[in-house]
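Structure file start_14.txt; described as compact mmCIF, C-alpha atoms.
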```
# COMPACT_ATOMS: atom_id res chain seq x y z
CA MET K 260 0.00 0.00 0.00
CA LYS K 261 2.88 2.33 0.72
CA SER K 262 4.24 2.00 -2.82
CA GLN K 263 0.76 2.44 -4.28
CA MET K 264 0.30 5.61 -2.27
CA VAL K 265 3.54 6.96 -3.71
CA ILE K 266 2.13 6.41 -7.21
CA TRP K 267 -1.20 8.05 -6.40
CA LYS K 268 0.52 10.98 -4.73
CA ARG K 269 2.70 11.58 -7.77
CA GLN K 270 -0.31 11.38 -10.09
CA TRP K 271 -2.29 13.82 -7.97
CA GLN K 272 0.58 16.26 -7.69
CA GLU K 273 1.17 16.25 -11.45
CA LEU K 274 -2.54 16.73 -12.12
CA ILE K 275 -2.99 19.56 -9.62
CA GLU K 276 0.22 21.38 -10.57
CA THR K 277 -0.61 21.27 -14.27
CA LEU K 278 -4.23 22.31 -13.77
CA GLY K 279 -3.12 25.15 -11.51
CA GLY K 280 -0.75 26.32 -14.23
CA LYS K 281 -3.70 26.41 -16.63
CA GLY K 282 -5.70 28.70 -14.34
CA ALA K 283 -7.80 26.13 -12.50
CA TYR K 284 -8.68 26.49 -8.83
CA THR K 285 -6.95 23.61 -7.06
CA ARG K 286 -6.30 22.16 -3.62
CA LEU K 287 -4.11 19.26 -2.59
CA LYS K 288 -3.41 17.97 0.91
CA ILE K 289 -1.75 14.68 1.73
CA ALA K 290 -1.06 14.04 5.40
CA PRO K 291 1.46 11.51 6.79
CA PRO K 292 0.29 7.98 7.58
CA ALA K 293 -1.99 7.66 10.58
CA ALA K 294 -0.39 6.51 13.82
CA GLU K 295 -1.63 3.34 15.44
CA GLY K 296 -3.07 5.44 18.25
CA GLU K 297 -5.19 7.44 15.79
CA LEU K 298 -6.56 4.25 14.29
CA ALA K 299 -7.30 2.81 17.72
CA GLU K 300 -9.08 6.02 18.70
CA ALA K 301 -11.23 5.89 15.56
CA GLU K 302 -12.06 2.24 16.15
CA PHE K 303 -12.98 2.91 19.77
CA ARG K 304 -15.24 5.78 18.70
CA LEU K 305 -16.93 3.65 16.03
CA GLY K 306 -17.03 0.48 18.06
CA ILE K 307 -15.56 -1.70 15.28
CA ARG K 308 -12.24 -2.71 13.85
CA LEU K 309 -11.73 -0.92 10.57
CA PRO K 310 -11.68 -3.06 7.41
CA GLU K 311 -8.12 -4.23 6.86
CA GLU K 312 -7.83 -2.63 3.44
CA LEU K 313 -8.84 0.75 4.83
CA ARG K 314 -6.70 0.30 7.91
CA THR K 315 -3.63 -0.47 5.80
CA LEU K 316 -4.22 2.54 3.56
CA LEU K 317 -4.51 4.85 6.54
CA ARG K 318 -1.51 3.31 8.35
CA GLU K 319 0.86 2.98 5.37
CA GLY K 320 -0.48 5.55 2.93
CA ALA K 321 -2.04 8.70 4.40
CA GLY K 322 -4.23 9.41 7.38
CA GLN K 323 -5.80 12.24 5.43
CA ALA K 324 -5.88 13.18 1.75
CA TYR K 325 -7.80 15.77 -0.24
CA VAL K 326 -7.69 16.51 -3.95
CA TYR K 327 -9.84 19.22 -5.53
CA TRP K 328 -9.95 21.09 -8.84
CA SER K 329 -12.38 23.30 -10.69
CA LEU K 330 -11.70 24.60 -14.19
CA PRO K 331 -12.13 28.28 -15.11
CA ASP K 332 -15.56 29.37 -16.35
CA GLU K 333 -14.36 29.87 -19.92
CA ALA K 334 -13.56 26.17 -20.36
CA ILE K 335 -16.20 24.40 -22.48
CA LEU K 336 -16.20 20.89 -21.03
CA PRO K 337 -17.55 17.78 -22.74
CA PHE K 338 -19.03 16.74 -19.37
CA GLU K 339 -20.15 18.79 -16.39
CA VAL K 340 -17.43 17.75 -13.98
CA SER K 341 -14.95 19.01 -11.44
CA GLY K 342 -12.61 17.02 -9.23
CA GLU K 343 -12.96 16.02 -5.58
CA LEU K 344 -11.52 13.08 -3.67
CA GLY K 345 -10.68 12.77 -0.02
CA TRP K 346 -10.70 10.95 3.29
CA ALA K 347 -9.58 11.55 6.87
CA VAL K 348 -9.30 9.07 9.71
CA GLU K 349 -10.85 11.46 12.22
CA GLN K 350 -13.88 12.06 9.96
CA LEU K 351 -14.92 8.41 9.60
CA GLU K 352 -18.53 8.13 10.73
CA PHE K 353 -21.35 5.63 10.40
CA PHE K 354 -23.93 6.78 7.92
CA ALA K 355 -27.65 6.06 7.98
CA TYR K 356 -30.29 7.79 5.88
CA GLY K 357 -33.32 8.59 7.98
CA GLU K 358 -34.81 6.84 10.96
CA ASP K 359 -36.32 4.04 8.85
CA ASP K 360 -33.02 2.78 7.45
CA SER K 361 -33.73 -0.96 7.19
CA ASP K 362 -30.03 -1.77 6.87
CA GLY K 363 -29.35 -0.48 10.33
CA ASN K 364 -26.85 2.24 11.04
CA GLN K 365 -23.65 0.20 10.81
CA ARG K 366 -23.60 -0.82 7.15
CA TYR K 367 -22.18 2.34 5.59
CA LEU K 368 -19.08 4.13 6.80
CA SER K 369 -18.80 7.68 5.47
CA PHE K 370 -15.27 8.71 4.54
CA HIS K 371 -15.93 11.94 2.61
CA THR K 372 -18.71 14.55 2.39
CA ALA K 373 -18.89 16.45 -0.88
CA GLY K 374 -19.38 20.20 -1.02
CA ASN K 375 -23.09 19.82 -1.83
CA GLY K 376 -23.76 17.36 1.01
CA ASP K 377 -23.46 14.11 -0.97
CA GLU K 378 -21.55 11.28 0.73
CA LEU K 379 -18.88 8.80 -0.28
CA LEU K 380 -19.41 5.60 1.69
CA LEU K 381 -17.81 2.26 2.33
CA ASP K 382 -20.29 -0.62 2.23
CA LEU K 383 -19.13 -2.79 5.11
CA ASN K 384 -21.55 -5.55 4.05
CA SER K 385 -19.98 -5.89 0.61
CA PRO K 386 -17.75 -8.92 -0.19
CA SER K 387 -14.61 -6.81 0.16
CA GLY K 388 -15.97 -4.89 3.13
CA THR K 389 -14.85 -1.66 1.41
CA ALA K 390 -17.00 -1.31 -1.72
CA VAL K 391 -17.37 2.41 -2.41
CA VAL K 392 -20.88 3.79 -2.84
CA HIS K 393 -22.03 7.32 -3.59
CA TRP K 394 -25.12 8.65 -1.81
CA ALA K 395 -26.97 11.60 -3.37
CA HIS K 396 -28.48 13.84 -0.73
CA GLU K 397 -31.28 15.18 -2.98
CA THR K 398 -32.56 11.82 -4.24
CA ALA K 399 -31.32 9.54 -1.44
CA GLU K 400 -30.07 7.13 -4.12
CA TYR K 401 -26.98 4.94 -3.85
CA LEU K 402 -24.57 4.38 -6.76
CA LEU K 403 -21.83 1.76 -6.74
CA LEU K 404 -18.48 3.32 -7.64
CA ALA K 405 -16.06 0.42 -7.09
CA PRO K 406 -15.91 -3.07 -5.49
CA SER K 407 -13.22 -1.92 -3.06
CA PHE K 408 -11.62 1.25 -1.73
CA THR K 409 -8.31 0.65 -3.51
CA GLU K 410 -10.06 0.02 -6.82
CA PHE K 411 -12.07 3.20 -6.32
CA ILE K 412 -8.93 5.30 -5.86
CA ASP K 413 -7.30 3.67 -8.88
CA ARG K 414 -10.32 4.25 -11.10
CA VAL K 415 -11.16 7.77 -10.01
CA THR K 416 -7.50 8.78 -10.29
CA ALA K 417 -7.44 7.43 -13.86
CA LEU K 418 -10.40 9.72 -14.56
CA GLY K 419 -8.67 12.80 -13.17
CA CYS K 420 -10.23 12.52 -9.69
CA VAL K 421 -13.72 13.48 -10.92
CA GLY K 422 -16.34 13.80 -8.21
CA ALA K 423 -17.78 13.87 -5.64
CA GLU K 424 -21.25 15.25 -6.38
CA GLU K 425 -24.00 13.11 -7.92
CA TRP K 426 -23.87 14.42 -11.50
CA GLN K 427 -20.13 13.72 -11.76
CA TYR K 428 -20.19 9.93 -11.79
CA PRO K 429 -23.08 8.27 -13.71
CA GLY K 430 -21.69 8.78 -17.23
CA PHE K 431 -18.49 7.03 -16.23
CA CYS K 432 -20.11 4.10 -14.41
CA GLY K 433 -20.81 0.56 -15.58
CA LYS K 434 -22.12 -2.49 -13.71
CA THR K 435 -19.14 -2.58 -11.34
CA GLY K 436 -18.87 1.15 -10.84
CA LEU K 437 -16.46 3.61 -12.39
CA ASP K 438 -14.99 2.23 -15.59
CA PRO K 439 -12.15 4.14 -17.31
CA GLU K 440 -12.71 2.03 -20.44
CA LEU K 441 -16.27 3.16 -21.16
CA PRO K 442 -16.67 5.36 -24.28
CA ALA K 443 -17.59 8.41 -22.16
CA SER K 444 -14.63 7.76 -19.87
CA ARG K 445 -12.26 7.53 -22.81
CA GLN K 446 -13.69 10.71 -24.30
CA TRP K 447 -13.26 12.56 -21.01
CA SER K 448 -9.72 11.24 -20.45
CA ALA K 449 -8.70 12.25 -23.98
CA TRP K 450 -10.16 15.74 -23.49
CA LEU K 451 -8.45 16.15 -20.12
CA HIS K 452 -5.11 15.03 -21.59
CA GLN K 453 -5.44 17.64 -24.32
CA TYR K 454 -6.39 20.28 -21.77
CA LEU K 455 -3.31 19.47 -19.74
CA THR K 456 -0.89 19.37 -22.67
CA LEU K 457 -2.14 21.61 -25.50
CA THR K 458 -0.44 25.00 -25.87
CA LEU K 459 -1.25 27.96 -28.08
CA GLU K 460 2.10 27.55 -29.78
CA GLN K 461 1.14 24.01 -30.79
CA ALA K 462 -2.45 24.86 -31.67
CA GLN K 463 -1.96 27.95 -33.83
CA ASN K 464 -0.64 26.02 -36.84
CA ASP K 465 -3.83 23.99 -37.25
CA LEU K 466 -7.27 25.59 -37.30
CA ASN K 467 -9.06 22.66 -35.67
CA SER K 468 -6.50 22.58 -32.86
CA LEU K 469 -6.81 26.33 -32.46
CA LEU K 470 -10.59 26.03 -32.19
CA LEU K 471 -10.20 23.35 -29.52
CA TYR K 472 -7.67 25.47 -27.65
CA THR K 473 -10.09 28.41 -27.69
CA GLU K 474 -12.93 26.26 -26.40
CA MET K 475 -10.69 25.17 -23.55
CA PHE K 476 -9.08 28.46 -22.58
CA GLY K 477 -11.20 31.24 -24.06
CA THR K 478 -9.93 34.20 -26.05
CA ASP K 479 -7.29 36.83 -25.45
CA GLN K 480 -5.09 39.04 -27.59
CA GLU K 481 -2.65 36.26 -28.41
CA THR K 482 -5.44 33.91 -29.44
CA ALA K 483 -7.01 36.59 -31.65
CA GLU K 484 -3.64 37.14 -33.34
CA ALA K 485 -3.35 33.40 -33.99
CA PHE K 486 -6.73 33.39 -35.74
CA ALA K 487 -5.77 36.41 -37.85
CA GLN K 488 -3.69 34.18 -40.16
CA TYR K 489 -6.87 32.38 -41.28
CA ASN K 490 -9.64 33.64 -43.55
CA ALA K 491 -12.51 35.01 -41.44
CA GLU K 492 -15.17 33.13 -43.41
CA VAL K 493 -13.28 29.87 -42.98
CA VAL K 494 -12.96 30.50 -39.24
CA LEU K 495 -16.67 31.31 -38.95
CA ARG K 496 -17.70 28.16 -40.81
CA ALA K 497 -15.42 26.11 -38.60
CA PHE K 498 -16.95 27.52 -35.41
CA VAL K 499 -20.49 27.02 -36.70
CA GLY K 500 -19.62 23.49 -37.78
CA ARG K 501 -18.32 22.61 -34.33
CA ALA K 502 -21.39 24.16 -32.71
CA SER K 503 -23.75 22.20 -34.96
CA HIS K 504 -22.23 18.92 -33.76
CA GLU K 505 -22.43 19.89 -30.09
CA GLN K 506 -25.26 18.13 -28.24
CA ASN K 507 -25.08 20.28 -25.13
CA ILE K 508 -27.11 23.44 -25.72
CA SER K 509 -25.07 25.69 -23.44
CA ASN K 510 -21.83 24.46 -25.02
CA ARG K 511 -23.26 25.13 -28.47
CA GLU K 512 -24.07 28.72 -27.51
CA ALA K 513 -20.67 29.19 -25.91
CA ILE K 514 -18.94 28.11 -29.14
CA ILE K 515 -21.00 30.57 -31.19
CA CYS K 516 -20.13 33.32 -28.71
CA LEU K 517 -16.45 32.43 -29.11
CA ALA K 518 -16.81 33.01 -32.83
CA GLY K 519 -18.07 36.51 -32.08
CA GLU K 520 -15.22 37.18 -29.67
CA VAL K 521 -12.63 36.03 -32.20
CA LEU K 522 -14.08 37.71 -35.30
CA GLY K 523 -15.77 40.83 -33.94
CA GLN K 524 -17.33 42.91 -36.71
CA GLN K 525 -16.13 40.40 -39.29
CA ALA K 526 -19.06 38.28 -38.07
CA ALA K 527 -21.61 41.10 -38.40
CA ASP K 528 -23.58 39.52 -41.26
CA PHE K 529 -23.69 36.20 -39.43
CA VAL K 530 -25.07 37.91 -36.32
CA ARG K 531 -27.67 39.68 -38.42
CA SER K 532 -28.73 36.28 -39.73
CA LEU K 533 -29.30 35.17 -36.13
CA TRP K 534 -31.94 37.88 -35.85
CA SER K 535 -33.84 36.47 -38.83
CA GLY K 536 -36.93 34.32 -38.64
CA ALA K 537 -34.87 31.28 -39.63
CA PRO K 538 -31.50 31.63 -37.87
CA PRO K 539 -28.74 29.21 -38.87
CA VAL K 540 -28.18 28.38 -35.20
CA ALA K 541 -30.69 28.71 -32.36
CA ILE K 542 -29.30 30.69 -29.42
CA SER K 543 -30.76 32.39 -26.38
CA ARG K 544 -31.80 36.03 -26.34
CA SER K 545 -29.01 36.99 -23.94
CA SER K 546 -26.38 35.33 -26.17
CA LEU K 547 -27.86 37.12 -29.17
CA ALA K 548 -27.58 40.41 -27.28
CA TYR K 549 -23.97 39.61 -26.39
CA LEU K 550 -23.07 38.88 -30.01
CA SER K 551 -24.86 42.02 -31.16
CA ALA K 552 -22.81 44.11 -28.77
CA LEU K 553 -19.60 42.44 -29.95
CA CYS K 554 -20.13 42.29 -33.69
CA LEU K 555 -22.61 44.94 -34.82
CA PRO K 556 -22.09 48.71 -34.93
CA GLU K 557 -23.17 50.02 -31.52
CA GLY K 558 -26.20 51.89 -32.77
CA GLU K 559 -27.51 48.92 -34.73
CA GLY K 560 -26.85 46.32 -32.05
CA LEU K 561 -28.32 48.39 -29.26
CA GLU K 562 -31.39 49.31 -31.32
CA ARG K 563 -32.10 45.64 -32.04
CA VAL K 564 -31.77 44.61 -28.40
CA LEU K 565 -33.84 47.52 -27.09
CA SER K 566 -36.57 46.68 -29.60
CA MET K 567 -36.53 43.07 -28.39
CA LEU K 568 -36.90 44.19 -24.76
CA GLU K 569 -39.67 46.64 -25.66
CA THR K 570 -41.59 43.81 -27.26
CA SER K 571 -41.14 41.68 -24.14
CA ALA K 572 -42.32 44.54 -21.94
CA GLN K 573 -45.63 44.65 -23.79
CA ALA K 574 -46.49 41.17 -22.52
CA ARG K 575 -45.02 41.29 -19.03
CA LYS K 576 -43.19 43.53 -16.61
CA LEU K 577 -39.54 43.91 -17.51
CA SER K 578 -37.25 43.03 -14.60
CA GLY K 579 -33.89 44.59 -13.90
CA TYR K 580 -32.23 41.18 -14.14
CA GLU K 581 -33.59 40.60 -17.65
CA ALA K 582 -32.63 44.09 -18.79
CA ASN K 583 -29.14 43.71 -17.34
CA SER K 584 -28.61 40.29 -18.93
CA HIS K 585 -29.28 41.80 -22.37
CA LEU K 586 -27.79 45.30 -22.11
CA LYS K 587 -24.75 45.04 -19.82
CA PHE K 588 -22.50 44.14 -22.76
CA PHE K 589 -22.96 47.53 -24.45
CA HIS K 590 -21.43 49.67 -21.67
CA SER K 591 -23.29 52.60 -23.20
CA ARG K 592 -24.70 55.77 -21.70
CA SER K 593 -27.49 55.40 -24.25
CA VAL K 594 -28.78 52.58 -22.05
CA LEU K 595 -29.13 55.05 -19.16
CA ARG K 596 -31.46 57.25 -21.18
CA TRP K 597 -33.54 54.23 -22.13
CA MET K 598 -33.81 52.80 -18.64
CA GLU K 599 -34.64 56.04 -16.84
CA ASP K 600 -38.38 55.60 -17.37
CA LYS K 601 -38.27 51.80 -17.58
CA ALA K 602 -36.71 50.99 -14.21
CA THR K 603 -39.12 49.99 -11.48
CA TYR K 604 -39.10 48.49 -8.02
CA PRO K 605 -37.62 46.14 -7.08
CA TYR K 606 -34.48 47.79 -8.44
CA ASP K 607 -32.23 44.70 -8.16
CA GLY K 608 -30.58 44.22 -11.54
CA TRP K 609 -31.30 47.79 -12.61
CA ASP K 610 -28.53 49.04 -10.32
CA THR K 611 -26.08 46.55 -11.85
CA LEU K 612 -27.05 47.67 -15.35
CA TYR K 613 -26.61 51.30 -14.28
CA ALA K 614 -23.05 50.60 -13.16
CA HIS K 615 -22.30 48.70 -16.40
CA SER K 616 -23.54 51.60 -18.51
CA GLN K 617 -20.67 53.99 -17.76
CA PRO K 618 -22.58 56.87 -16.12
CA SER K 619 -20.75 60.19 -16.08
CA PRO K 620 -20.59 62.39 -12.97
CA SER K 621 -23.46 64.45 -14.41
CA ASP K 622 -25.52 61.26 -14.90
CA ILE K 623 -24.98 60.28 -11.28
CA ILE K 624 -25.96 63.72 -10.04
CA HIS K 625 -29.05 63.69 -12.25
CA TRP K 626 -30.22 60.27 -11.05
CA LEU K 627 -29.57 61.09 -7.39
CA GLY K 628 -31.67 64.21 -7.83
CA CYS K 629 -34.59 62.34 -9.40
CA GLY K 630 -35.73 60.66 -6.22
CA GLY K 631 -37.75 57.47 -6.20
CA VAL K 632 -36.40 54.35 -7.86
CA GLN K 633 -33.90 56.32 -9.95
CA ARG K 634 -32.22 57.64 -6.82
CA GLN K 635 -32.21 54.19 -5.22
CA ILE K 636 -30.54 52.73 -8.32
CA ALA K 637 -27.83 55.38 -8.35
CA VAL K 638 -27.22 55.02 -4.61
CA SER K 639 -26.93 51.24 -4.88
CA ALA K 640 -24.58 51.44 -7.88
CA LEU K 641 -22.36 54.21 -6.53
CA PRO K 642 -20.03 52.06 -4.36
CA ASP K 643 -19.16 49.87 -7.35
CA LEU K 644 -18.68 52.91 -9.56
CA LEU K 645 -16.34 54.49 -7.04
CA THR K 646 -14.39 51.23 -6.75
CA ASP K 647 -13.99 51.01 -10.54
CA LYS K 648 -13.41 54.68 -11.32
CA GLY K 649 -12.03 56.11 -8.10
CA THR K 650 -12.94 59.63 -7.03
CA GLU K 651 -10.25 61.21 -9.24
CA VAL K 652 -12.61 61.27 -12.23
CA PHE K 653 -14.95 63.57 -10.30
CA SER K 654 -14.35 67.28 -9.87
CA SER K 655 -14.48 68.74 -6.39
CA ALA K 656 -17.77 70.39 -7.31
CA ASP K 657 -19.19 67.03 -8.49
CA LEU K 658 -18.12 65.32 -5.26
CA ALA K 659 -19.68 68.06 -3.15
CA GLN K 660 -22.95 67.84 -5.07
CA ILE K 661 -23.05 64.04 -4.83
CA ARG K 662 -22.37 64.20 -1.09
CA ARG K 663 -25.15 66.73 -0.62
CA LEU K 664 -27.62 64.58 -2.53
CA LEU K 665 -26.61 61.48 -0.58
CA GLU K 666 -27.07 63.27 2.74
CA GLN K 667 -30.50 64.39 1.58
CA ALA K 668 -31.32 60.81 0.60
CA LEU K 669 -30.23 59.62 4.05
CA GLU K 670 -32.56 62.10 5.73
CA GLU K 671 -35.50 60.99 3.58
CA ALA K 672 -34.82 57.24 3.72
CA VAL K 673 -37.42 55.22 5.61
CA LEU K 674 -36.35 51.63 5.25
CA LYS K 675 -33.29 50.27 7.02
CA LYS K 676 -32.03 48.81 3.72
CA GLU K 677 -32.21 52.22 2.06
CA LYS K 678 -30.33 53.91 4.89
CA GLN K 679 -27.61 51.26 4.84
CA ALA K 680 -27.13 51.68 1.08
CA VAL K 681 -26.75 55.46 1.42
CA ARG K 682 -24.31 55.11 4.32
CA GLU K 683 -22.18 52.68 2.28
CA ALA K 684 -22.12 55.11 -0.62
CA LEU K 685 -21.07 57.95 1.69
CA GLU K 686 -18.30 55.80 3.18
CA ARG K 687 -16.96 54.98 -0.28
CA LEU K 688 -17.10 58.65 -1.20
CA GLY K 689 -14.65 59.34 1.64
```
Serialized structure, structure tokens:
Amino acid sequence: MKSQMVIWKRQWQELIETLGGKGAYTRLKIAPPAAEGELAEAEFRLGIRLPEELRTLLREGAGQAYVYWSLPDEAILPFEVSGELGWAVEQLEFFAYGEDDSDGNQRYLSFHTAGNGDELLLDLNSPSGTAVVHWAHETAEYLLLAPSFTEFIDRVTALGCVGAEEWQYPGFCGKTGLDPELPASRQWSAWLHQYLTLTLEQAQNDLNSLLLYTEMFGTDQETAEAFAQYNAEVVLRAFVGRASHEQNISNREAIICLAGEVLGQQAADFVRSLWSGAPPVAISRSSLAYLSALCLPEGEGLERVLSMLETSAQARKLSGYEANSHLKFFHSRSVLRWMEDKATYPYDGWDTLYAHSQPSPSDIIHWLGCGGVQRQIAVSALPDLLTDKGTEVFSSADLAQIRRLLEQALEEAVLKKEKQAVREALERLG
């Protein structure tokens, strides 16, 4: 077991170090082997002798281990997964679901609780005494992950330590639990290998590789320069082709949005086609708004999105969250003029849109002086605006006027929430 732990430790370290270098959020902790006294204490607390396989792992391998990773948001994954694996001798506890657990409360030994409350369990009644089972806290369902604890660690490590929440495992499980040889497992392992090894330098000489790299790591100036060597129409067709073969709807939209980020106004005609009655690719309204802000002239893109929102407002009340999800990408003061008579209580979402829309000092003074929901929006947005802009963009006269209006708002505020928002804005003002 000691030699096996050395292998696992090296694999985990390589995985976590490489993922961290790619921008992933990672954690790795491997404690020394548990002392005999720690094992005896755990056994006394539980009232049993630990299964020999588990005991040996804890005594010769590690008394505690934790592996975690989560990829950056821009990564378009073939499966909705992150990584989580762990155990600790002091956290071993008997697990029983509910008072009517017919198996009694000494069948399952919990060795790890996932971030969402799901459990990884050892089935003490299994032939090995250490079969690993996942318990989903929302459905109360059990899923076999491996016939033994050692096999579980081997298999989950081969899959990049995926887990430990319920949606992570089923696609990679067969009759005996996790199976690295299943088609989905092979697809995931191949993708993860590419994620860990592919570089922009390697990818830029092949358009398909460059597309894959962009789907994994998003766009930046260097990536845009790499695409510049290819014909824009060819690049657009390649993105659309990849999106058309994508089964996951959110991934399909993300790929189309990448095309807009890479091509900008070179994709203007394509974006216009998305507004037609028969778009070449179906995407959500918010993604359409995003692409319109990226690829169309500002006046045209904003006019289209505002018209879409006006149509929606005829059928139902327009919320600040909906307006923000469609208009935040424009960063335009024109949005402020539009929203002045559209914003209503509750103002959540409207204040975020206000901050996104680049208000000038005169805009802030105007909205603070309006009273009502307009003043509440400006007050709520002001701390973020001051954080982003700093007070140096305001003249001394502007700052004095804003302070006066805030003090007036504080005097007139009735609700505790309103007063707190004004006080926070005054504190940020200095």
Next on the checklist: Residues within 12 Å of Trp426 in chain K, please, as a PyMOL selection string. Count only C-alpha atoms; anything in the same chain fewer than 2 positions from it doesn't count.
Outcome noted: chain K and resi 338-342+373+375+377+393-398+402+421-424+428-432
Give me the residues near Phe498 in chain K as a ChimeraX atom specification, where near means some atom within 9 Å (using all atoms listed in the file) and where sequence neighbours in that chain fewer than 4 positions away do not count.
/K:470,493-494,502-503,514-515,517-518
Residue with the minimum atom-to-atom distance to Ala449 in chain K, picked from K:Ser329, K:Phe370, K:Glu349, K:Leu336 with all atoms listed in the file counted, is K:Leu336
For Asn583 in chain K, work out the shell of residues within 7 Å, counting all atoms listed in the file and skipping chain neighbours fewer than 4 positions away, then give it as a PDB file with C-alpha atoms, in the frame of the given file.
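After the write, around-v2.pdb holds the following:
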```pdb
ATOM      1  CA  GLY K 579     -33.890  44.590 -13.900  1.00  0.00           C
ATOM      2  CA  LYS K 587     -24.750  45.040 -19.820  1.00  0.00           C
ATOM      3  CA  GLY K 608     -30.580  44.220 -11.540  1.00  0.00           C
ATOM      4  CA  TRP K 609     -31.300  47.790 -12.610  1.00  0.00           C
ATOM      5  CA  THR K 611     -26.080  46.550 -11.850  1.00  0.00           C
ATOM      6  CA  LEU K 612     -27.050  47.670 -15.350  1.00  0.00           C
TER       7      LEU K 612
END
```
Taking (-21.3, 45.5, -24.8) in the coordinates of the supplied file, I want to know which residues reach to within 7 Å of it, counting all atoms listed in the file; could you give the answer as an mmCIF file with C-alpha atoms, in the frame of the given file?
```
data_model
loop_
_atom_site.group_PDB
_atom_site.id
_atom_site.type_symbol
_atom_site.label_atom_id
_atom_site.label_comp_id
_atom_site.auth_asym_id
_atom_site.auth_seq_id
_atom_site.Cartn_x
_atom_site.Cartn_y
_atom_site.Cartn_z
ATOM 1 C CA TYR K 549 -23.970 39.610 -26.390
ATOM 2 C CA ALA K 552 -22.810 44.110 -28.770
ATOM 3 C CA LEU K 553 -19.600 42.440 -29.950
ATOM 4 C CA LYS K 587 -24.750 45.040 -19.820
ATOM 5 C CA PHE K 588 -22.500 44.140 -22.760
ATOM 6 C CA PHE K 589 -22.960 47.530 -24.450
ATOM 7 C CA HIS K 590 -21.430 49.670 -21.670
#
```
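By chain and then residue number, the residues within 12 Å of Val632 in chain K are Gly579, Met598, Glu599, Asp600, Lys601, Ala602, Thr603, Tyr604, Pro605, Tyr606, Asp607, Trp609, Asp610, Trp626, Leu627, Gly628, Ile636, Ala637, Val638, Ser639, Ala668 and Glu677 of chain K, counting all atoms listed in the file and disregarding those fewer than 4 positions away in sequence.
Proximity to Gly649 in chain K was assessed for K:Lys678, K:Gly689, K:Leu665, K:Val326 counting all atoms listed in the file; the smallest distance is recorded for K:Gly689.
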